[in-house]
Amino acid sequence: MITQDSIEALKARLDIVDVVGSYLELKRSGAAFKAPCPFHDEKSPSFTVNPARQKYHCFGCGAHGDAISFVMEYEKLNYPEAIEKLASSVNFTLHYTDSSERKERSQLLETLTNWYQKRLSDHKVALQYLHDRGVFSSSIEKFGIGYAPMSSETLRFLENNRFTPEESLLQGAIGRGEEGKLFARFIERITFPIHAPNGAIVGLGGRTITGHQAKYVNSSQSAIFNKSRLLYAYPLAREAIFHRREIIVTEGYLDVVMLHQAGFTHTVATLGTALTPEHLPLLRKGEPKVFVAYDGDKAGRTAALKASKLLSSSGFDGGVILFEGGLDPADMVREGKLPQLNALLHSPIAFIEFVLTEIIATYPLSDPRAKEAALHESMGYLKTLSPLMQEEYVPFTASQLGVSPTLLKLNHTHTPTHVPTLQLTHYDVWELSLIKTLVDRPMLIEPLLDFIDPLFLHSHSSELVAAINGEDDPRLHAIMMDERIRVFAGDEEVRAELITFLIQHYTKELKKVGSTSTSFDQKSYRIRQIRDTIARLKKGELVPLG
């Protein structure tokens, strides 16, 4: 976590006119500056930046805040990501509470990536491979593709640039063998730098061109590299994703490179892993439709099925695109099959239809018992969806099974016998209403996490975590079916309810500070911090977590 002292020091260095001016064309208007608001369509500028107060405000849509909140909203970043992006822009070194999670790290990965890029230009075999795959020189530059030589050369380069073995191990650039011998993670491989959503390089992917047993390898899992939370090329695709309100998720780095090259710049890829609940917050940014584009072989269909179940039950709109006949997106671009590719990418199979079709296809429906099993599995999946989606897909499911829709009894209004009856108190009701709202409207989860921690809840923090992760939890089913628990109506009510809750939470925290064993200075600082947060909340401002 970034230290609060570090954040306050960064704020003191920032100038909101410089920050906003790097995104918008500002024009002076008296003591302030104006521009068309970037957060809603307007013809007459109503977006004002006040250098004296270091604040911005739009008189059209009500958007307001400081330099950090502007970057959060404009770039669709969370609070720590925005802090890190701003720190990088002014060459400011952040400090972290846990040294193992430091991101004020040396420029090891950036330096190594640049060196790999230079090595590529001297390696004819690697260049020829990329040329044969149809990769343009402009794409090599855009994606920072490089080449990793023999292990000894990489180790020597790191040593010559004064990067310690401990530092190189922490960044995943090298590994340590059973006998303690150091080796480079990437040996004779084409390299693809992997960026965090804020643009920082946090790892590398490597593809062998000399017959190594592992076709692809990634940086090792670490405090800065978690492949289950990252999507390859997301920073490059973000602008197109938010503009088109669509995102294509593929399985390979070269698929991404070639699809971008063909104009599908809203494409990303998972890092050698299936989609997981940890990917969902990133996929929710901008609320795009999600299209998973996988190979049509057995492994690809299995991955598509798993992804479709996860995404549909989490409230995502989108569908599945399967590449049959052994082709993949990269092949189709290289072979000039752009009309066929375009047609394929514009005719996805809706997630729910795909899941139901795949489930039912595994059963021989001529056998009555198999048909009954298919019915039960299909109904089990339908019950992970919202009540409306359940009802909408009953006729489709019945048609696929060849049975009457009356056999699919979903019983929305009755709590299943395996779900416990909830014993509620006043505080429980509010917490459970928040959870029910998030399950019903999952697009609110990512923004909410900037302001509230699950540990703030008194009784139902674990249920909130389950809702955030999109888990198929019986407790969530019980919450959704309990008519005593209401869903907050609209964004404004969610905001108002959250502000009221947070004022109560921080008021209790303020009372606790005096009993802590910290120093007088630390207590004083914490008291000032909490009082400032409460004051801002009372003015109607949601305050990001520090």
# chains A, B, ... in the order shown; residues from 1 in each chain; ligands from 1
>>> residues_around(residues="segment 277-293 of chain A", least_positions_apart="5", cutoff="7 Å", atoms="only C-alpha atoms", output="JSON, numbers by chain")
{"A": [76, 228, 229, 230, 241, 242, 245, 246, 247, 248, 249, 250, 304, 316, 317, 318, 319, 320, 321, 322, 443, 446, 469, 470]}
>>> residues_around(residues="segment 129-134 of chain A", least_positions_apart="2", cutoff="6 Å", atoms="only C-alpha atoms", output="ChimeraX atom specification")
/A:126-127,334
>>> select_by_dssp(residues="segment 241-470 of chain A", states="strand (DSSP E or B)", output="ChimeraX atom specification")
/A:246-250,267-269,289-295,318-323,349-350
>>> closest_residue(among="A:Tyr147, A:Tyr216, A:Phe225, A:Phe163", to="Ile190 of chain A", atoms="only C-alpha atoms")
A:Tyr147
>>> closest_residue(among="A:Asp453, A:Asp428, A:Asp255, A:Glu377", to="His505 of chain A", atoms="only C-alpha atoms")
A:Asp453
>>> residues_around(residues="Trp430 of chain A", least_positions_apart="6", cutoff="12 Å", atoms="only C-alpha atoms", output="count of residues only")
18
>>> residues_around(residues="Phe186 of chain A", least_positions_apart="3", cutoff="8 Å", atoms="only C-alpha atoms", output="number ranges by chain")
A: 148-149, 151, 173-174, 189, 191, 206, 217
>>> atom_distance(atom1="atom CA of Ser404 of chain A", atom2="atom CA of Phe354 of chain A")
20.5 Å
